[in-house]
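*Asks:* Take a look at upload-v4.cif, mmCIF, C-alpha atoms:
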```
data_target
loop_
_atom_site.label_atom_id
_atom_site.label_comp_id
_atom_site.auth_asym_id
_atom_site.auth_seq_id
_atom_site.Cartn_x
_atom_site.Cartn_y
_atom_site.Cartn_z
CA MET A 1 0.00 0.00 0.00
CA THR A 2 1.30 3.44 -0.95
CA ILE A 3 0.22 6.48 1.08
CA ARG A 4 0.57 9.74 -0.83
CA ILE A 5 1.11 12.82 1.30
CA ALA A 6 1.13 16.30 -0.19
CA GLN A 7 3.35 18.58 1.87
CA ILE A 8 2.45 22.21 1.35
CA SER A 9 4.12 24.97 3.32
CA ASP A 10 4.30 28.68 3.97
CA THR A 11 0.92 29.55 2.52
CA HIS A 12 0.86 33.00 4.23
CA LEU A 13 -2.89 33.53 3.97
CA SER A 14 -4.77 36.64 5.07
CA PRO A 15 -8.19 38.10 4.27
CA GLU A 16 -6.90 41.69 4.45
CA LYS A 17 -3.69 41.02 2.51
CA PRO A 18 -4.60 38.23 0.08
CA PHE A 19 -1.40 38.58 -1.98
CA PHE A 20 -0.74 34.84 -2.09
CA ARG A 21 -4.26 33.39 -2.01
CA GLU A 22 -4.43 32.79 -5.76
CA ASN A 23 -1.43 30.47 -5.59
CA PHE A 24 -3.03 28.54 -2.73
CA ASP A 25 -6.27 28.23 -4.69
CA LYS A 26 -4.46 26.85 -7.75
CA ILE A 27 -2.64 24.28 -5.64
CA ALA A 28 -5.88 23.42 -3.85
CA GLU A 29 -7.54 22.79 -7.20
CA SER A 30 -4.67 20.52 -8.22
CA LEU A 31 -4.89 18.60 -4.93
CA ARG A 32 -8.61 18.06 -5.36
CA ASP A 33 -7.87 16.57 -8.78
CA THR A 34 -4.98 14.32 -7.68
CA ARG A 35 -6.49 13.49 -4.27
CA PRO A 36 -3.51 12.62 -2.06
CA ASP A 37 -4.36 10.57 1.00
CA ILE A 38 -3.23 13.33 3.37
CA VAL A 39 -2.23 16.98 3.09
CA ILE A 40 0.27 18.34 5.64
CA ASN A 41 1.05 22.05 5.94
CA THR A 42 4.44 22.59 7.61
CA GLY A 43 3.69 26.02 8.96
CA ASP A 44 3.23 29.71 8.31
CA LEU A 45 -0.32 28.97 7.33
CA ALA A 46 -1.22 32.60 8.02
CA LEU A 47 0.41 35.84 6.97
CA ASP A 48 0.36 37.20 10.52
CA GLY A 49 -1.49 34.76 12.70
CA ALA A 50 0.86 35.56 15.56
CA ASP A 51 -1.02 38.82 16.07
CA HIS A 52 -4.19 38.53 13.98
CA GLU A 53 -6.74 35.82 14.66
CA ALA A 54 -8.51 36.72 11.39
CA ASP A 55 -5.50 35.45 9.45
CA LEU A 56 -5.59 32.13 11.33
CA LEU A 57 -9.32 31.79 10.72
CA ASP A 58 -8.88 32.53 7.01
CA ALA A 59 -6.16 29.89 6.74
CA ARG A 60 -8.33 27.36 8.58
CA ALA A 61 -11.25 27.95 6.22
CA ALA A 62 -9.00 27.66 3.18
CA HIS A 63 -7.67 24.28 4.32
CA ASP A 64 -11.13 22.99 5.22
CA SER A 65 -12.21 23.84 1.67
CA LEU A 66 -9.74 21.26 0.30
CA GLY A 67 -12.20 18.47 1.05
CA LEU A 68 -9.25 16.24 1.99
CA GLU A 69 -7.75 14.95 5.21
CA TRP A 70 -5.26 17.56 6.32
CA HIS A 71 -3.00 18.29 9.27
CA ALA A 72 -0.88 21.30 10.15
CA ILE A 73 1.92 22.42 12.43
CA PRO A 74 2.61 26.04 13.29
CA GLY A 75 5.23 28.35 11.85
CA ASN A 76 6.72 31.49 13.31
CA HIS A 77 4.10 33.65 11.56
CA ASP A 78 1.39 31.57 13.26
CA VAL A 79 2.60 31.52 16.89
CA GLY A 80 5.68 33.77 17.03
CA ASP A 81 9.34 32.87 16.71
CA HIS A 82 11.53 30.78 19.01
CA LEU A 83 12.94 32.76 21.93
CA ASP A 84 16.51 31.99 20.79
CA VAL A 85 16.07 34.25 17.76
CA ALA A 86 12.82 36.22 18.21
CA ARG A 87 13.16 39.94 17.68
CA ARG A 88 9.61 41.20 17.13
CA GLN A 89 7.08 38.42 17.78
CA PRO A 90 8.31 35.90 20.36
CA VAL A 91 6.31 32.73 20.87
CA ASN A 92 4.28 32.90 24.07
CA ALA A 93 1.33 31.27 25.81
CA GLU A 94 -1.22 33.70 24.38
CA ARG A 95 -0.13 33.12 20.79
CA LEU A 96 0.00 29.36 21.27
CA GLU A 97 -3.50 29.27 22.75
CA ARG A 98 -4.86 31.38 19.88
CA TYR A 99 -3.38 28.95 17.33
CA ARG A 100 -4.64 25.89 19.21
CA ALA A 101 -8.13 27.33 19.46
CA VAL A 102 -8.28 27.57 15.67
CA PHE A 103 -6.23 24.57 14.50
CA GLY A 104 -6.16 22.20 17.45
CA PRO A 105 -2.98 20.57 18.82
CA ASP A 106 0.31 22.05 17.63
CA CYS A 107 1.99 18.63 17.73
CA TRP A 108 0.63 15.20 16.85
CA SER A 109 1.40 11.60 15.93
CA LEU A 110 -0.18 9.74 13.04
CA ASP A 111 0.35 6.14 11.93
CA VAL A 112 0.04 4.95 8.34
CA PRO A 113 1.11 1.53 7.04
CA GLY A 114 4.81 1.07 7.73
CA TRP A 115 5.27 4.57 9.15
CA ARG A 116 4.81 6.81 12.14
CA LEU A 117 4.46 10.49 11.28
CA LEU A 118 5.25 13.12 13.91
CA GLY A 119 4.20 16.74 13.50
CA LEU A 120 6.17 18.96 15.86
CA ASN A 121 6.11 22.60 16.88
CA ALA A 122 9.62 23.86 16.08
CA LEU A 123 8.95 27.16 17.85
CA THR A 124 8.65 25.63 21.33
CA LEU A 125 11.45 23.04 21.19
CA GLY A 126 13.42 23.16 24.42
CA LEU A 127 11.32 25.94 25.96
CA ASP A 128 9.41 26.09 29.23
CA LEU A 129 6.06 26.96 27.68
CA LEU A 130 2.60 25.47 27.96
CA GLY A 131 2.57 22.23 26.00
CA ALA A 132 6.33 22.04 25.31
CA ALA A 133 6.86 19.28 27.88
CA ASP A 134 3.92 17.36 26.40
CA GLN A 135 5.57 17.55 22.99
CA GLU A 136 8.81 16.12 24.35
CA MET A 137 6.84 13.27 25.94
CA LEU A 138 5.02 12.74 22.63
CA VAL A 139 8.38 12.23 20.91
CA ARG A 140 9.67 9.87 23.60
CA ASP A 141 6.48 7.80 23.54
CA ALA A 142 6.44 7.70 19.73
CA VAL A 143 9.92 6.20 19.46
CA ALA A 144 9.41 3.84 22.39
CA ASP A 145 6.93 1.66 20.49
CA LEU A 146 7.75 2.17 16.82
CA GLY A 147 7.30 -1.56 16.31
CA GLY A 148 9.36 -1.70 13.12
CA ARG A 149 7.80 1.39 11.56
CA SER A 150 9.91 4.03 9.85
CA LEU A 151 9.77 7.48 11.42
CA ALA A 152 9.07 10.73 9.58
CA ILE A 153 9.10 14.10 11.33
CA PHE A 154 7.40 17.22 10.02
CA LEU A 155 8.26 20.61 11.50
CA HIS A 156 8.43 24.19 10.30
CA LYS A 157 12.10 25.10 10.48
CA PRO A 158 14.99 23.01 9.13
CA LEU A 159 16.68 21.19 11.96
CA MET A 160 20.04 22.52 10.74
CA ASP A 161 21.87 23.65 7.62
CA GLU A 162 24.70 21.11 7.25
CA THR A 163 25.37 19.24 10.52
CA TYR A 164 23.71 18.54 13.86
CA GLU A 165 26.79 19.99 15.60
CA GLU A 166 26.71 23.43 13.99
CA ASP A 167 26.12 26.41 16.29
CA LEU A 168 24.42 28.99 14.07
CA THR A 169 22.11 31.64 15.49
CA SER A 170 19.75 32.40 12.64
CA ASN A 171 15.99 32.33 12.39
CA ARG A 172 16.37 30.17 9.27
CA PHE A 173 17.32 27.10 11.30
CA THR A 174 16.61 25.42 14.61
CA THR A 175 19.32 26.49 17.02
CA ARG A 176 21.71 24.09 18.71
CA GLY A 177 20.06 23.78 22.13
CA PRO A 178 16.54 22.92 20.90
CA ARG A 179 18.01 20.63 18.24
CA GLN A 180 19.98 18.66 20.82
CA LYS A 181 16.89 18.48 23.05
CA LEU A 182 14.93 16.88 20.21
CA LEU A 183 17.74 14.46 19.35
CA ALA A 184 17.91 13.41 23.00
CA ALA A 185 14.16 12.77 23.06
CA LEU A 186 14.57 10.53 20.00
CA GLY A 187 16.78 8.29 22.13
CA GLY A 188 19.09 7.22 19.33
CA VAL A 189 16.32 6.49 16.83
CA THR A 190 17.25 7.75 13.36
CA PRO A 191 14.27 9.21 11.48
CA ALA A 192 14.05 8.10 7.89
CA MET A 193 12.96 11.60 6.93
CA ILE A 194 12.64 15.07 8.44
CA ALA A 195 10.51 17.41 6.32
CA CYS A 196 10.20 21.15 6.82
CA GLY A 197 9.44 24.44 5.12
CA HIS A 198 10.25 27.99 6.30
CA VAL A 199 13.15 28.84 3.98
CA HIS A 200 10.93 28.96 0.87
CA GLN A 201 13.33 26.70 -1.03
CA TYR A 202 13.32 23.05 -2.07
CA ARG A 203 16.27 20.94 -0.92
CA ASP A 204 17.03 17.25 -0.44
CA THR A 205 20.09 16.31 1.63
CA THR A 206 21.13 13.41 3.86
CA VAL A 207 22.61 14.09 7.30
CA ALA A 208 23.45 11.41 9.87
CA GLY A 209 21.42 8.81 7.98
CA THR A 210 18.28 10.96 7.69
CA ARG A 211 16.87 12.51 4.51
CA HIS A 212 16.13 16.18 5.14
CA ILE A 213 13.58 17.47 2.65
CA TRP A 214 12.65 21.13 2.47
CA ALA A 215 9.38 22.01 0.79
CA PRO A 216 9.11 25.23 -1.17
CA ALA A 217 6.46 27.77 -0.27
CA THR A 218 3.17 27.96 -2.09
CA SER A 219 3.29 31.74 -1.63
CA PHE A 220 6.56 33.45 -2.56
CA MET A 221 10.32 33.22 -2.93
CA ILE A 222 12.96 35.52 -1.48
CA GLY A 223 15.40 36.76 -4.11
CA ASP A 224 19.15 36.16 -4.09
CA PRO A 225 20.08 39.69 -3.01
CA TRP A 226 18.15 39.14 0.24
CA GLN A 227 18.58 35.42 0.94
CA PRO A 228 21.31 32.88 0.07
CA GLY A 229 20.48 30.00 -2.22
CA TYR A 230 20.44 26.83 -0.14
CA GLY A 231 18.49 24.88 -2.73
CA VAL A 232 15.96 25.52 -5.49
CA LYS A 233 13.99 28.76 -5.27
CA ALA A 234 10.53 28.00 -6.61
CA VAL A 235 6.90 27.86 -5.57
CA GLY A 236 4.98 24.59 -5.43
CA TYR A 237 4.78 21.66 -3.04
CA VAL A 238 6.29 18.23 -2.36
CA GLU A 239 4.51 14.91 -2.73
CA HIS A 240 5.77 12.03 -0.57
CA ALA A 241 4.98 8.39 -1.33
CA PHE A 242 5.25 6.25 1.80
CA GLU A 243 5.39 2.48 1.32
CA ALA A 244 4.28 -0.15 3.82
CA ASP A 245 7.80 -1.62 3.86
CA GLY A 246 9.16 1.64 5.33
CA SER A 247 10.64 3.01 2.11
CA PHE A 248 9.63 6.28 0.50
CA THR A 249 10.11 8.55 -2.47
CA HIS A 250 9.21 12.15 -3.07
CA ARG A 251 8.93 14.66 -5.88
CA LEU A 252 8.77 18.41 -6.26
CA VAL A 253 5.46 19.41 -7.82
CA GLY A 254 4.76 22.56 -9.79
CA VAL A 255 1.28 23.67 -10.77
CA ARG A 256 0.42 25.48 -13.97
CA GLY A 257 -0.35 29.14 -13.45
CA LEU A 258 1.45 29.66 -10.14
CA VAL A 259 2.94 33.13 -9.78
CA HIS A 260 6.56 33.03 -8.60
CA HIS A 261 6.22 36.03 -6.33
CA ASP A 262 9.37 37.64 -4.92
CA LEU A 263 8.71 38.96 -1.42
CA ALA A 264 10.66 42.12 -2.28
CA ASN A 265 7.76 43.05 -4.55
CA HIS A 266 5.25 42.85 -1.66
CA PRO A 267 6.48 45.26 1.03
CA ASP A 268 2.95 45.46 2.45
CA ALA A 269 3.31 41.87 3.61
CA TYR A 270 6.29 42.10 5.97
CA GLY A 271 7.99 45.37 5.15
CA ASP A 272 10.99 45.93 2.93
CA VAL A 273 13.11 42.75 2.92
CA ARG A 274 16.13 44.88 2.04
CA ALA A 275 15.97 46.36 5.54
CA TRP A 276 15.97 42.99 7.34
CA GLY A 277 19.05 42.07 9.30
CA PRO A 278 21.40 39.21 8.37
CA GLY A 279 19.84 35.78 8.73
CA ASN A 280 16.24 36.99 8.74
CA ALA A 281 15.24 36.43 5.13
#
```
The structure in this file should be written as structure tokens.
*Replies:*
Amino acid sequence: MTIRIAQISDTHLSPEKPFFRENFDKIAESLRDTRPDIVINTGDLALDGADHEADLLDARAAHDSLGLEWHAIPGNHDVGDHLDVARRQPVNAERLERYRAVFGPDCWSLDVPGWRLLGLNALTLGLDLLGAADQEMLVRDAVADLGGRSLAIFLHKPLMDETYEEDLTSNRFTTRGPRQKLLAALGGVTPAMIACGHVHQYRDTTVAGTRHIWAPATSFMIGDPWQPGYGVKAVGYVEHAFEADGSFTHRLVGVRGLVHHDLANHPDAYGDVRAWGPGNA
């Protein structure tokens, strides 16, 4: 049995600033045609859900309109950024509760034939916030009884750039302390795959025996003058095919008619990207 999972990411939806809604709608139409078994959004569902409930509600309605089974995990624009790097919108209890009231749990475990899928909140890893300890216990319990299943983890931010030992402080990547906390909770279990979004680029690398797959955004790219090229800058989504024997494949999917927005052309979304500090784009 093959389970097809469409991983969309960084949809950045808002009723007041619907700059990227047309791209979401085109991808939604494609998904309704191809009918994957599950859709997973790896965060930044909303343009500014961290401060505007209306953006979260708009994103929720858009995903419900898919008519497909879907699951989500929060991004920094949904609940605020990790305290290690937050400058303007730090994650806090109020923002987490607002997200949970609209989308439900911010971390979850889901079994499909041959696999256990974990959706984690990257913005609370290693923090003393409501629900963070429950997430750590979720991870420990999930690996304690895998029963021969392969493990796939979905979270918003890449776990790292190149190695688990690197010590970068950038909002593009999970920082060292939270990363080591997650690795400790895994108890030596090597995930077959860790899938993320956030950087708005597609990339496929292998680190420490795990495939790390970055999904592109459905919404926009960030041009080379403002963000390094870690992988392929495009808009679209990733389709994963999980097999009952624990193997998997994936492919980058483009949809006809998508607009390859550059965020620099939409200053009303998040301000002028040219004014952002190093590591923020």
*Asks:* Counting all atoms listed in the file, find residues at most 9 Å from (-2.0, -0.8, -2.0) (file frame) and give them as a list in words.
*Replies:*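 Result, sorted by chain then residue number: Met1, Thr2, Ile3, Glu243 and Ala244 of chain A.
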*Asks:* For the structure shown, which residues end up in the PyMOL selection byres ((chain A and resi 58) around 8)? Put them as number ranges by chain, please?
*Replies:* A: 13-15, 46, 54-57, 59-62
*Asks:* Between A:Val143, A:Ala215, A:Ile27, A:Leu127, which is the closest to Leu183 (chain A) once you count only C-alpha atoms?
*Replies:*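 Selected residue with least distance to Leu183 (chain A): A:Val143.
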*Asks:* Applied to the shown file, which residues does the PyMOL selection byres ((chain A and resi 174) around 9) return, written as a list in words?
*Replies:*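 Applied to this file, the PyMOL selection byres ((chain A and resi 174) around 9) returns His82, Ala122, Leu123, Leu125, Lys157, Pro158, Leu159, Met160, Asp161, Leu168, Thr169, Ser170, Asn171, Arg172, Phe173, Thr175, Arg176, Gly177, Pro178 and Arg179 of chain A.
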*Asks:* Could you build a table of the residues in region 153-206 of chain A lying no more than 6 Å from region 106-119 of chain A, giving for each the nearest pair of atoms and their separation in Å rounded to one decimal place, using all atoms listed in the file, ordered by chain and ascending residue number, as a Markdown table?
*Replies:*
```
| residue | atom | partner | partner_atom | distance |
| --- | --- | --- | --- | --- |
| A:Ile153 | CA | A:Leu118 | CA | 4.7 |
| A:Phe154 | CA | A:Gly119 | CA | 4.8 |
| A:Leu155 | CA | A:Gly119 | CA | 6.0 |
```
*Asks:* Run through the PyMOL selection byres ((chain A and resi 239) around 9) on the given coordinates and return the selected residues as a list in words.
*Replies:*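 On the file shown, the PyMOL selection byres ((chain A and resi 239) around 9) covers Arg4, Ile5, Ala6, Gln7, Ile8, Pro36, Tyr237, Val238, His240, Ala241, Thr249, His250, Arg251, Leu252 and Val253 of chain A.
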*Asks:* Within 8 Å of region 258-270 of chain A, counting only C-alpha atoms, which residues show up once you throw out same-chain ones fewer than 3 positions away? Write them as a PDB file with C-alpha atoms, in the coordinates of the input, please.
*Replies:*
```
ATOM      1  CA  LYS A  17      -3.690  41.020   2.510  1.00  0.00           C
ATOM      2  CA  PHE A  19      -1.400  38.580  -1.980  1.00  0.00           C
ATOM      3  CA  GLU A  22      -4.430  32.790  -5.760  1.00  0.00           C
ATOM      4  CA  ASN A  23      -1.430  30.470  -5.590  1.00  0.00           C
ATOM      5  CA  LYS A  26      -4.460  26.850  -7.750  1.00  0.00           C
ATOM      6  CA  LEU A  47       0.410  35.840   6.970  1.00  0.00           C
ATOM      7  CA  SER A 219       3.290  31.740  -1.630  1.00  0.00           C
ATOM      8  CA  PHE A 220       6.560  33.450  -2.560  1.00  0.00           C
ATOM      9  CA  MET A 221      10.320  33.220  -2.930  1.00  0.00           C
ATOM     10  CA  ILE A 222      12.960  35.520  -1.480  1.00  0.00           C
ATOM     11  CA  GLY A 223      15.400  36.760  -4.110  1.00  0.00           C
ATOM     12  CA  ALA A 234      10.530  28.000  -6.610  1.00  0.00           C
ATOM     13  CA  VAL A 235       6.900  27.860  -5.570  1.00  0.00           C
ATOM     14  CA  GLY A 236       4.980  24.590  -5.430  1.00  0.00           C
ATOM     15  CA  GLY A 254       4.760  22.560  -9.790  1.00  0.00           C
ATOM     16  CA  VAL A 255       1.280  23.670 -10.770  1.00  0.00           C
ATOM     17  CA  VAL A 273      13.110  42.750   2.920  1.00  0.00           C
ATOM     18  CA  ARG A 274      16.130  44.880   2.040  1.00  0.00           C
TER      19      ARG A 274
END
```
*Asks:* Find the residues near Pro105 (chain A): any atom within 12 Å, counting only C-alpha atoms, skip ones fewer than 5 places away on the same chain, and give them as a list in words.
*Replies:*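 Counting only C-alpha atoms, the residues come to His71, Ala72, Ile73, Pro74, Leu96, Glu97, Arg98, Tyr99, Arg100, Gly119, Leu120, Asn121, Leu130, Gly131, Ala132, Asp134, Gln135 and Leu138 of chain A.
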